[in-house]
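All remarks here apply to the structure that follows.
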Amino acid sequence: MSKKGLLVVISAPSGTGKDALIECLSQKAPDIFKSISATTREMRVGEKEGVDYYFTTKENFEKLIADEEVVEYTKYCNNYYGSPKAPIMENLEKGRDVVLKIEVEGAMNIRRMFPDSVLIFVLPPSIEELKKRLDKRGTEDECTIEKRMKRARTEVTYAGEYDYLVVNDDLSRAAEQLMDIIKAEKLKTFRNHDIIKSILVD
């Protein structure tokens, strides 16, 4: 019996540690497909092409939009971010669970496009801790950090639109909570209607 995978959307303010959290989740559940976003921003020290992001030009990204090859996209700090469509759809059809790391605008678009998707918002322990984490990265000037802090306060107001909230105060514990959410969602009756039908037919 075939069964589609679960589409999980994870959003968080910049600096919350969502990349490390998703990596920890991937280690705990290696069968999960981690969708890699495309972006036009510069590659940071330590990042790798095709691992952290697909880094591309503004022109190439706008062509992806025109060709409808991204399921969602947004513009953040003058850079495009978006999720390539083909690998997401292919893995869902194969029955693999897919994790998307996207901004709040994209998450709301995914909710409309995929009503069965699960939206999880990750929060920092406090706004003060978020500022410390951004400062510690040392990759941006104070002006950019202030823009990210302002954006973070706006993003948190969308948290109530998500299905679940997870506070990333302890990486391993937060990853376990993500695992628990995915397990619980996969047991919901409406996600298992094909199984129910097959039993009734038998």
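Residue names in the structure tokens use chain letters A, B, ... in the order shown, residue numbers from 1 in each chain, and ligand numbers from 1 in the order shown.
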Practice item. Select from region 33-157 of chain A everything DSSP, run on the backbone, classes as strand (DSSP E or B), then give the selection as a ChimeraX atom specification. Key: /A:33-34,38-39,49,53-55,70-76,79-84,98-101,118-123
Review point. Using only C-alpha atoms, which residues sit within 10 Å of region 98-112 of chain A once same-chain residues fewer than 2 positions away are excluded, as a ChimeraX atom specification?
Key: /A:5-14,18-19,22,25-26,31-37,71-76,81-83,87-89,91-92,95-96,114-121,154-159,161-162
**Study point:** Which of A:Arg41, A:Lys63, A:Leu165, A:Ser172 sits closest to Val122 (chain A) [using only C-alpha atoms]
**Key:**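 Using only C-alpha atoms, Val122 (chain A) sits closest to A:Leu165.
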Check your understanding: Using only C-alpha atoms, which of A:Tyr164, A:Ala38, A:Met43, A:Tyr53 sits nearest Val70 (chain A)?
Key -> A:Ala38
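With only C-alpha atoms as the atoms that count, the minimum distance from Glu59 (chain A) to the choices A:Lys186, A:Glu47, A:Tyr80, A:Glu128 is reached by A:Tyr80.
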Exercise for review: Name the closest residue to Cys24 (chain A) among the candidates A:Leu187, A:Met179, A:Ala86, A:Met149; distances are taken between atoms, counting only C-alpha atoms.
Suggested key: A:Met179
Review point. What is the CA of Ala20 (chain A)-CA of Pro124 (chain A) distance in Å, reported with one decimal?
Key: 12.9 Å
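Our summary of the geometry notes that CA of Leu134 (chain A) is positioned 28.9 Å from CA of Glu62 (chain A).
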Practice item. Have a look at A:Ile145, A:Phe55, A:Asp169, A:Glu140 and name the one nearest to Thr40 (chain A); count only C-alpha atoms. Key: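 Of all the options, A:Phe55 lies closest to Thr40 (chain A).
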Practice item. Tell me, in Å to one decimal, how far CA of Glu93 (chain A) is from CA of Ala174 (chain A). Key: 27.9 Å
Check your understanding: A:Arg148, A:Lys28, A:Lys94, A:Arg44: which is nearest Asp135 (chain A), counting only C-alpha atoms?
Key ->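 Nearest candidate to Asp135 (chain A) out of A:Arg148, A:Lys28, A:Lys94, A:Arg44: A:Arg148.
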**Study point:** alpha helix (DSSP H) call set, DSSP backbone run, region 28-154 of chain A, as a ChimeraX atom specification
**Key:** /A:28,58-66,85-93,104-113,127-137,142-154
With a distance cut-off of 9 Å and only C-alpha atoms, select the neighbouring residues of Arg133 (chain A), excluding the residue or stretch itself and same-chain residues fewer than 5 positions from it, and output the selection as a PDB file with N, CA and C atoms, in the first residue's frame.
ATOM      1  N   GLY A  15      19.041  33.089  13.942  1.00  0.00           N
ATOM      2  CA  GLY A  15      19.824  33.010  15.165  1.00  0.00           C
ATOM      3  C   GLY A  15      19.251  32.082  16.209  1.00  0.00           C
ATOM      4  N   THR A  16      18.083  31.499  15.933  1.00  0.00           N
ATOM      5  CA  THR A  16      17.433  30.611  16.902  1.00  0.00           C
ATOM      6  C   THR A  16      18.103  29.239  16.957  1.00  0.00           C
ATOM      7  N   GLY A  17      18.850  28.904  15.908  1.00  0.00           N
ATOM      8  CA  GLY A  17      19.538  27.615  15.876  1.00  0.00           C
ATOM      9  C   GLY A  17      18.783  26.554  15.114  1.00  0.00           C
ATOM     10  N   GLU A 128      16.784  38.272  24.510  1.00  0.00           N
ATOM     11  CA  GLU A 128      18.158  38.626  24.872  1.00  0.00           C
ATOM     12  C   GLU A 128      19.133  37.546  24.390  1.00  0.00           C
TER      13      GLU A 128
END
